[in-house]
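The structure appears below as structure tokens.
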Amino acid sequence: AAVVVTPTTPIAGQTTGTSGLRRPAATLVNNASYLPNLLQAYVNALTPAVTVGASLVVGGDGRYYNATAVQTVLAMAAAAGFARVTVGAGGLLSTPALAGMVVATGAAGGVGLTASHNAAGPDGDWGIKFQAPSGGPAPEALTDRIVAATLAVTEVRAVDFGGGRGVDVSTPGEQSFWGGAFVVHVVDPAAAYVERLREVFDFDALRAYVATPGFGLRFDAMAAVTGPYARALFVDALGLPAESILRGTPLEDFGGGHPDPSPAHTPDLVAALAVPGAGLTLGAASDGDGDRNLILGPGFAVTPADSLAILTEFAATAIPWFSRRPGGLPGVARSMPTAPAVDRVAAALRIPVYETPTGWKWFGSLLAAGRIALCGEESYGTSGDHVAEKDGLWAVCAWLSVLATAADAAGRLVGVEEVVRGHWARHGRTFSARWDYIGVPGVSAAAVMDGLRSGVVAAFAGEERPPPPPPRTDGDGGDSGGDRLDGPTLIHADEFSYTDPVDGSSAAAQGVRLYFASGARGVLRVSGTDATAAATLRVYLDAYRPWGEGVGDVDTADVLGGVGGEVARLARIAELTGRDAPTAVV
Ligand code: VG1
Ligand code: CO
């Protein structure tokens with residue numbers, strides 16, 4: 001193959017965050033070297049020992065610049081000596097499908113062209129995720145090497161497929177170049193993914209369940225990558241009607257929406273469920289790249305912390321992947337800012353809970369070592385150990401399995417809310433929310449974190465965290481249980497650092513934690529997925545009430561409002577950022 005070598009100079013700031021690199025799409029469009037430089041750094045970081053003769057998987061969420069980027073990846077993969085690239089037809093692959101394909105093809109890695117839930121289009125964001133051979137997110141050891149390599153890159157190597165034409169990736173099939181030295185295998189993006197889910201769930205039972213008179217599903221694909229997956233799964237495999245899928249066609253700009261599956265971003269779905277007599281049982285949505293999930297019932301939203309807890313509770317009875325495993329679940333994990341609802345279930349099951357930094361990459365070693373079977377984050381991410389990524393449609397199937405099992409036990413359709421209330425009745429209710437301060441100057445967000453470190457964290461340095469107080473049992477709003485009458489009392493503060501129990505990798509400064517006398521918790525950290533220089537300051541709040549009179553009916557905002565206000569005061573958010581209130585409450 002004719003490799004074209006183009007001299008280049010390093011581009012500063014090609015750094016990765018919580019999940020790959022994200023930048024405004026314009027940054028790539030206006031600088032033709034941006035993506036080639038980054039991909040060359042990836043190739044250089046892997047080294048020829050890994051790339052030559054190896055296979056690679058590539059696909060994206062379909063956003064603006066996806067098609068161009070696929071061609072760049074193919075041309076550079078061929079030049080790097082990869083023997084084979086598997087690509088989703090149309091350049092599409094959801095993140096969990098990419099992860100599964102990396103493992104299924106024994107690839108040396110995967111390249112996911114996505115900025116996940118960030119808005120798309122020429123004025124939106126663009127991004128790239130690097131997957132390890134496990135299928136999961138590249139560990140920091142690799143992303144650190146990639147970032148270092150971006151600063152040392154001197155030339156970019158790419159092949160010319162001839163006449164300036166790229167490779168046709170529109171339909172499945174194999175294309176061979178240079179006498180078979182390089183093969184591009186275009187695959188149906190959804191086929192292998194759905195087959196994998198068939199190994200995890202009992203599709204026959206789910207098919208029978210969704211055919212129950214009165215059952216209805218609405219899945220909002222948010223005009224992002226999951227439309228084709230949802231069709232293959234819900235319509236073709238489970239027999240649901242096509243109208244079960246909303247916004248099912250992937251668009252380059254996601255229809256102008258923000259494919260972040262929370263109730264705030266899925267108003268049509270929420271409204272469809274709320275229509276009296278609509279006959280809908282389950283509402284769900286996924287994000288841009290298909291790894292997040294939202295679970296709704298009519299007039300009811302499941303918090304991500306509760307969802308992880310409930311799936312853990314039901315896994316061994318409702319989901320064959322887990323029930324056929326001798327010895328039950330080995331353990332579970334949640335990211336540190338995720339409210340600890342699952343901890344109570346794990347205690348009842350007598351299995352360990354691992355608490356990790358934010359970002360799926362930290363679950364990877366625990367999954368690979370077989371220490372955990374389920375894990376999740378408060379950012380609407382949940383998955384099992386069938387794949388090393390969070391998996392949005394897996395979560396929907398898991399909830400269908402829970403609902404089917406509950407219906408079997410009750411001899412009638414059981415709603416999402418009834419399942420959640422049953423969990424609260426058994427384990428108590430965990431309240432959780434995230435206050436996001438979006439578009440704050442980076443220096444202001446850093447000042448908030450620094451102020452906490454030198455203030456409250458330093459004040460409690462060297463002290464043990466007091467044991468949790470006896471939980472308050474009434475359902476009243478205003479989180480004053482165990483606190484002063486005039487507000488929540490801070491009893492401890494620290495900064496989370498982590499050492500991986502399997503591979504010993506570590507991470508410091510992963511969030512400041514504030515503990516209150518009532519048992520409530522506030523966690524602060526700065527987002528690592530922002531595409532611009534501005535920062536998003538995240539404030540995570542949680543509290544717990546044992547089940548009792550009225551606990552099921554209090555508002556989360558009432559329970560967490562007081563503690564949130566105190567966290568904002570202690571962190572001097574208004575003073576340091578000029579923001580009196582969060583931009584969004586998630
Ligand atoms: C956010 C979430 C985090 C998630 C990450 C990637 O990171 O908080 O839980 O793992 O996005 O999600 P941050 O650093 O902005 O808080 V996604 O759907 O890209 O793959
Ligand atoms: Co995502």
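Please note that chains go A, B, ... in the order of the structure tokens, that every chain numbers its residues from 1, and that ligands are numbered from 1 in the order shown.
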(request) Could you please extract the residues within 8 Å of ligand 1, counting only C-alpha atoms and all ligand atoms, and hand them back as a ChimeraX atom specification? (result) /A:17-20,95,114-117,287-292,335,358-360,377-381,390,525-530,536,538
Serialized selection, N, CA and C atoms, as a JSON list (two decimals), in the first residue's frame:
[["chain", "number", "residue", "atom", "x", "y", "z"],
["A", 17, "GLY", "N", -10.41, 12.98, 29.12],
["A", 17, "GLY", "CA", -11.05, 13.25, 30.41],
["A", 17, "GLY", "C", -11.64, 11.97, 31.00],
["A", 18, "THR", "N", -12.82, 12.10, 31.61],
["A", 18, "THR", "CA", -13.46, 10.95, 32.23],
["A", 18, "THR", "C", -13.65, 9.81, 31.23],
["A", 19, "SER", "N", -13.94, 10.18, 30.00],
["A", 19, "SER", "CA", -14.26, 9.16, 29.00],
["A", 19, "SER", "C", -13.82, 9.63, 27.62],
["A", 20, "GLY", "N", -12.53, 9.55, 27.35],
["A", 20, "GLY", "CA", -12.01, 9.95, 26.04],
["A", 20, "GLY", "C", -11.83, 11.45, 25.92],
["A", 95, "THR", "N", -21.55, 2.44, 21.95],
["A", 95, "THR", "CA", -20.38, 2.11, 22.77],
["A", 95, "THR", "C", -20.43, 0.67, 23.30],
["A", 114, "THR", "N", -17.50, 9.35, 19.36],
["A", 114, "THR", "CA", -18.66, 9.85, 20.08],
["A", 114, "THR", "C", -18.28, 10.85, 21.16],
["A", 115, "ALA", "N", -19.18, 11.79, 21.38],
["A", 115, "ALA", "CA", -19.09, 12.66, 22.55],
["A", 115, "ALA", "C", -20.27, 12.36, 23.47],
["A", 116, "SER", "N", -20.74, 11.10, 23.37],
["A", 116, "SER", "CA", -21.78, 10.60, 24.27],
["A", 116, "SER", "C", -23.01, 11.51, 24.28],
["A", 117, "HIS", "N", -23.36, 12.04, 25.46],
["A", 117, "HIS", "CA", -24.60, 12.81, 25.59],
["A", 117, "HIS", "C", -24.42, 14.28, 25.22],
["A", 287, "ASP", "N", -28.62, 7.38, 25.69],
["A", 287, "ASP", "CA", -27.92, 8.61, 25.30],
["A", 287, "ASP", "C", -27.31, 8.49, 23.91],
["A", 288, "GLY", "N", -26.51, 9.47, 23.54],
["A", 288, "GLY", "CA", -25.94, 9.56, 22.20],
["A", 288, "GLY", "C", -25.30, 8.26, 21.75],
["A", 289, "ASP", "N", -24.47, 7.67, 22.59],
["A", 289, "ASP", "CA", -23.72, 6.48, 22.18],
["A", 289, "ASP", "C", -24.26, 5.19, 22.79],
["A", 290, "GLY", "N", -25.44, 5.26, 23.41],
["A", 290, "GLY", "CA", -26.13, 4.03, 23.79],
["A", 290, "GLY", "C", -25.64, 3.37, 25.05],
["A", 291, "ASP", "N", -24.85, 4.06, 25.86],
["A", 291, "ASP", "CA", -24.37, 3.38, 27.07],
["A", 291, "ASP", "C", -25.13, 3.78, 28.33],
["A", 292, "ARG", "N", -25.95, 4.84, 28.26],
["A", 292, "ARG", "CA", -26.72, 5.23, 29.44],
["A", 292, "ARG", "C", -28.16, 4.76, 29.32],
["A", 335, "SER", "N", -19.83, 4.09, 41.49],
["A", 335, "SER", "CA", -18.90, 5.20, 41.62],
["A", 335, "SER", "C", -19.17, 5.92, 42.94],
["A", 358, "THR", "N", -15.31, 8.29, 39.54],
["A", 358, "THR", "CA", -16.24, 8.48, 38.43],
["A", 358, "THR", "C", -15.63, 8.03, 37.11],
["A", 359, "GLY", "N", -16.41, 7.34, 36.29],
["A", 359, "GLY", "CA", -15.95, 6.89, 34.98],
["A", 359, "GLY", "C", -15.87, 5.38, 34.93],
["A", 360, "TRP", "N", -16.35, 4.82, 33.82],
["A", 360, "TRP", "CA", -16.47, 3.35, 33.73],
["A", 360, "TRP", "C", -15.12, 2.66, 33.76],
["A", 377, "GLU", "N", -23.37, 3.97, 37.86],
["A", 377, "GLU", "CA", -23.05, 5.34, 38.24],
["A", 377, "GLU", "C", -24.33, 6.15, 38.31],
["A", 378, "GLU", "N", -24.27, 7.26, 39.06],
["A", 378, "GLU", "CA", -25.45, 8.11, 39.19],
["A", 378, "GLU", "C", -25.83, 8.80, 37.88],
["A", 379, "SER", "N", -24.91, 8.81, 36.91],
["A", 379, "SER", "CA", -25.15, 9.49, 35.64],
["A", 379, "SER", "C", -25.92, 8.60, 34.67],
["A", 380, "TYR", "N", -26.85, 7.80, 35.19],
["A", 380, "TYR", "CA", -27.71, 6.96, 34.36],
["A", 380, "TYR", "C", -26.92, 5.90, 33.60],
["A", 381, "GLY", "N", -25.89, 5.36, 34.23],
["A", 381, "GLY", "CA", -25.13, 4.27, 33.64],
["A", 381, "GLY", "C", -25.23, 3.03, 34.52],
["A", 390, "LYS", "N", -20.78, 0.32, 30.16],
["A", 390, "LYS", "CA", -22.17, 0.47, 30.55],
["A", 390, "LYS", "C", -23.01, 0.25, 29.29],
["A", 525, "ARG", "N", -17.26, 17.60, 42.70],
["A", 525, "ARG", "CA", -16.15, 17.38, 41.77],
["A", 525, "ARG", "C", -16.39, 18.18, 40.50],
["A", 526, "VAL", "N", -15.35, 18.31, 39.72],
["A", 526, "VAL", "CA", -15.48, 19.03, 38.45],
["A", 526, "VAL", "C", -15.57, 18.00, 37.34],
["A", 527, "SER", "N", -16.51, 18.20, 36.43],
["A", 527, "SER", "CA", -16.73, 17.27, 35.32],
["A", 527, "SER", "C", -15.47, 17.12, 34.49],
["A", 528, "GLY", "N", -15.27, 15.90, 33.99],
["A", 528, "GLY", "CA", -14.15, 15.64, 33.10],
["A", 528, "GLY", "C", -14.61, 15.32, 31.69],
["A", 529, "THR", "N", -15.80, 15.75, 31.31],
["A", 529, "THR", "CA", -16.28, 15.51, 29.95],
["A", 529, "THR", "C", -16.60, 16.79, 29.20],
["A", 530, "ASP", "N", -16.32, 17.93, 29.80],
["A", 530, "ASP", "CA", -16.60, 19.19, 29.12],
["A", 530, "ASP", "C", -15.73, 19.33, 27.87],
["A", 536, "THR", "N", -17.90, 22.38, 34.40],
["A", 536, "THR", "CA", -19.16, 22.04, 35.06],
["A", 536, "THR", "C", -18.80, 21.55, 36.46],
["A", 538, "ARG", "N", -20.03, 19.78, 39.69],
["A", 538, "ARG", "CA", -21.11, 18.87, 40.07],
["A", 538, "ARG", "C", -21.18, 18.75, 41.59]]
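Near Gly112 of chain A, within 7 Å and counting only C-alpha atoms, sit Val58, Gly59, Gly60, Thr95, Ile128, Lys129 and Phe130 of chain A, not including residues fewer than 3 positions from it in the same chain.
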Saved selection, atoms kept: C-alpha atoms, as an mmCIF file, in the first residue's frame:
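Written out: result.cif:
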data_model
loop_
_atom_site.group_PDB
_atom_site.id
_atom_site.type_symbol
_atom_site.label_atom_id
_atom_site.label_comp_id
_atom_site.auth_asym_id
_atom_site.auth_seq_id
_atom_site.Cartn_x
_atom_site.Cartn_y
_atom_site.Cartn_z
ATOM 1 C CA VAL A 58 -14.358 1.440 14.731
ATOM 2 C CA GLY A 59 -17.793 3.016 14.817
ATOM 3 C CA GLY A 60 -19.525 6.031 16.188
ATOM 4 C CA THR A 95 -20.383 2.108 22.774
ATOM 5 C CA ILE A 128 -13.477 9.913 20.662
ATOM 6 C CA LYS A 129 -13.256 7.004 23.098
ATOM 7 C CA PHE A 130 -10.424 4.490 23.044
#
(request) Going by DSSP on the backbone, which bits of segment 148-228 of chain A are alpha helix (DSSP H)? Write them as number ranges by chain, please. (result) A: 148-150, 191-200, 203-210, 226-228
Now that the selection is made, can you save its residues with N, CA and C atoms as an mmCIF file, in the first residue's frame?
data_model
loop_
_atom_site.group_PDB
_atom_site.id
_atom_site.type_symbol
_atom_site.label_atom_id
_atom_site.label_comp_id
_atom_site.auth_asym_id
_atom_site.auth_seq_id
_atom_site.Cartn_x
_atom_site.Cartn_y
_atom_site.Cartn_z
ATOM 1 N N ALA A 148 0.632 11.791 25.977
ATOM 2 C CA ALA A 148 2.069 12.090 25.861
ATOM 3 C C ALA A 148 2.502 12.008 24.401
ATOM 4 N N ALA A 149 1.968 11.024 23.687
ATOM 5 C CA ALA A 149 2.361 10.853 22.280
ATOM 6 C C ALA A 149 1.858 12.005 21.407
ATOM 7 N N THR A 150 0.736 12.634 21.791
ATOM 8 C CA THR A 150 0.256 13.782 20.987
ATOM 9 C C THR A 150 1.287 14.908 20.990
ATOM 10 N N ALA A 191 -26.564 -6.584 14.960
ATOM 11 C CA ALA A 191 -26.792 -8.038 14.961
ATOM 12 C C ALA A 191 -26.066 -8.745 16.118
ATOM 13 N N ALA A 192 -24.754 -8.554 16.196
ATOM 14 C CA ALA A 192 -23.990 -9.263 17.226
ATOM 15 C C ALA A 192 -24.386 -8.781 18.622
ATOM 16 N N TYR A 193 -24.714 -7.514 18.702
ATOM 17 C CA TYR A 193 -25.120 -6.939 19.997
ATOM 18 C C TYR A 193 -26.386 -7.619 20.518
ATOM 19 N N VAL A 194 -27.373 -7.756 19.645
ATOM 20 C CA VAL A 194 -28.631 -8.384 20.065
ATOM 21 C C VAL A 194 -28.392 -9.851 20.414
ATOM 22 N N GLU A 195 -27.528 -10.526 19.647
ATOM 23 C CA GLU A 195 -27.226 -11.927 19.961
ATOM 24 C C GLU A 195 -26.588 -12.052 21.339
ATOM 25 N N ARG A 196 -25.747 -11.096 21.685
ATOM 26 C CA ARG A 196 -25.132 -11.126 23.008
ATOM 27 C C ARG A 196 -26.200 -10.982 24.095
ATOM 28 N N LEU A 197 -27.142 -10.049 23.879
ATOM 29 C CA LEU A 197 -28.210 -9.885 24.880
ATOM 30 C C LEU A 197 -29.067 -11.151 24.983
ATOM 31 N N ARG A 198 -29.186 -11.869 23.870
ATOM 32 C CA ARG A 198 -29.948 -13.124 23.890
ATOM 33 C C ARG A 198 -29.296 -14.145 24.829
ATOM 34 N N GLU A 199 -27.956 -14.057 24.972
ATOM 35 C CA GLU A 199 -27.263 -14.958 25.904
ATOM 36 C C GLU A 199 -27.488 -14.541 27.360
ATOM 37 N N VAL A 200 -27.800 -13.265 27.545
ATOM 38 C CA VAL A 200 -27.912 -12.728 28.906
ATOM 39 C C VAL A 200 -29.332 -12.914 29.452
ATOM 40 N N PHE A 203 -35.090 -14.359 26.150
ATOM 41 C CA PHE A 203 -35.897 -13.628 25.165
ATOM 42 C C PHE A 203 -37.288 -14.227 25.000
ATOM 43 N N ASP A 204 -37.389 -15.553 25.129
ATOM 44 C CA ASP A 204 -38.723 -16.158 24.985
ATOM 45 C C ASP A 204 -39.658 -15.658 26.092
ATOM 46 N N ALA A 205 -39.116 -15.608 27.306
ATOM 47 C CA ALA A 205 -39.928 -15.131 28.432
ATOM 48 C C ALA A 205 -40.261 -13.642 28.257
ATOM 49 N N LEU A 206 -39.291 -12.861 27.782
ATOM 50 C CA LEU A 206 -39.550 -11.424 27.593
ATOM 51 C C LEU A 206 -40.582 -11.210 26.493
ATOM 52 N N ARG A 207 -40.478 -12.022 25.418
ATOM 53 C CA ARG A 207 -41.425 -11.920 24.309
ATOM 54 C C ARG A 207 -42.849 -12.201 24.799
ATOM 55 N N ALA A 208 -42.957 -13.229 25.636
ATOM 56 C CA ALA A 208 -44.282 -13.574 26.171
ATOM 57 C C ALA A 208 -44.771 -12.465 27.108
ATOM 58 N N TYR A 209 -43.854 -11.936 27.898
ATOM 59 C CA TYR A 209 -44.256 -10.897 28.849
ATOM 60 C C TYR A 209 -44.748 -9.638 28.123
ATOM 61 N N VAL A 210 -43.986 -9.167 27.124
ATOM 62 C CA VAL A 210 -44.395 -7.914 26.464
ATOM 63 C C VAL A 210 -45.665 -8.096 25.623
ATOM 64 N N THR A 226 -29.030 4.676 19.252
ATOM 65 C CA THR A 226 -29.735 3.454 19.643
ATOM 66 C C THR A 226 -30.973 3.110 18.826
ATOM 67 N N GLY A 227 -31.428 4.004 17.926
ATOM 68 C CA GLY A 227 -32.615 3.690 17.124
ATOM 69 C C GLY A 227 -32.541 2.318 16.459
ATOM 70 N N PRO A 228 -31.510 2.064 15.633
ATOM 71 C CA PRO A 228 -31.425 0.752 14.967
ATOM 72 C C PRO A 228 -31.304 -0.409 15.947
#
Please provide as an mmCIF file with N, CA and C atoms, in the first residue's frame all residues within 10 Å of Ala272 of chain A, with the sequence filter that same-chain residues fewer than 3 positions apart are discarded (counting only C-alpha atoms).
data_model
loop_
_atom_site.group_PDB
_atom_site.id
_atom_site.type_symbol
_atom_site.label_atom_id
_atom_site.label_comp_id
_atom_site.auth_asym_id
_atom_site.auth_seq_id
_atom_site.Cartn_x
_atom_site.Cartn_y
_atom_site.Cartn_z
ATOM 1 N N ARG A 218 -42.393 2.479 25.698
ATOM 2 C CA ARG A 218 -41.906 3.567 24.839
ATOM 3 C C ARG A 218 -40.427 3.726 25.116
ATOM 4 N N PRO A 267 -38.838 15.145 27.431
ATOM 5 C CA PRO A 267 -40.190 15.602 27.780
ATOM 6 C C PRO A 267 -41.291 14.857 27.037
ATOM 7 N N ASP A 268 -41.044 14.490 25.773
ATOM 8 C CA ASP A 268 -42.098 13.795 25.019
ATOM 9 C C ASP A 268 -42.361 12.409 25.594
ATOM 10 N N LEU A 269 -41.301 11.771 26.008
ATOM 11 C CA LEU A 269 -41.438 10.440 26.601
ATOM 12 C C LEU A 269 -42.182 10.531 27.927
ATOM 13 N N VAL A 275 -49.993 10.296 29.925
ATOM 14 C CA VAL A 275 -51.353 10.369 29.377
ATOM 15 C C VAL A 275 -52.229 9.315 30.045
ATOM 16 N N PRO A 276 -53.336 9.727 30.664
ATOM 17 C CA PRO A 276 -54.194 8.735 31.329
ATOM 18 C C PRO A 276 -54.715 7.716 30.316
ATOM 19 N N ALA A 278 -52.999 5.612 28.657
ATOM 20 C CA ALA A 278 -52.095 5.350 27.540
ATOM 21 C C ALA A 278 -51.670 3.886 27.504
ATOM 22 N N GLY A 279 -51.842 3.194 28.609
ATOM 23 C CA GLY A 279 -51.514 1.772 28.624
ATOM 24 C C GLY A 279 -50.034 1.500 28.522
ATOM 25 N N LEU A 280 -49.223 2.396 29.048
ATOM 26 C CA LEU A 280 -47.778 2.189 28.993
ATOM 27 C C LEU A 280 -47.261 1.707 30.345
ATOM 28 N N GLY A 283 -41.195 3.201 30.366
ATOM 29 C CA GLY A 283 -40.594 4.200 29.492
ATOM 30 C C GLY A 283 -39.095 4.140 29.674
ATOM 31 N N PRO A 298 -45.254 5.366 34.438
ATOM 32 C CA PRO A 298 -46.163 6.510 34.287
ATOM 33 C C PRO A 298 -46.053 7.439 35.496
ATOM 34 N N GLY A 299 -45.658 8.684 35.252
ATOM 35 C CA GLY A 299 -45.558 9.657 36.338
ATOM 36 C C GLY A 299 -44.487 9.334 37.357
#
(message) With DSSP run on the backbone, what are the strand (DSSP E) residues within segment 222-311 of chain A? I'd like them as a PyMOL selection string.
(response) chain A and resi 245-246+282-285+294-297+300-301
(request) Work out how far atom CA of Asn31 of chain A is from atom CA of Thr8 of chain A, in Å to one decimal. (result) 11.7 Å
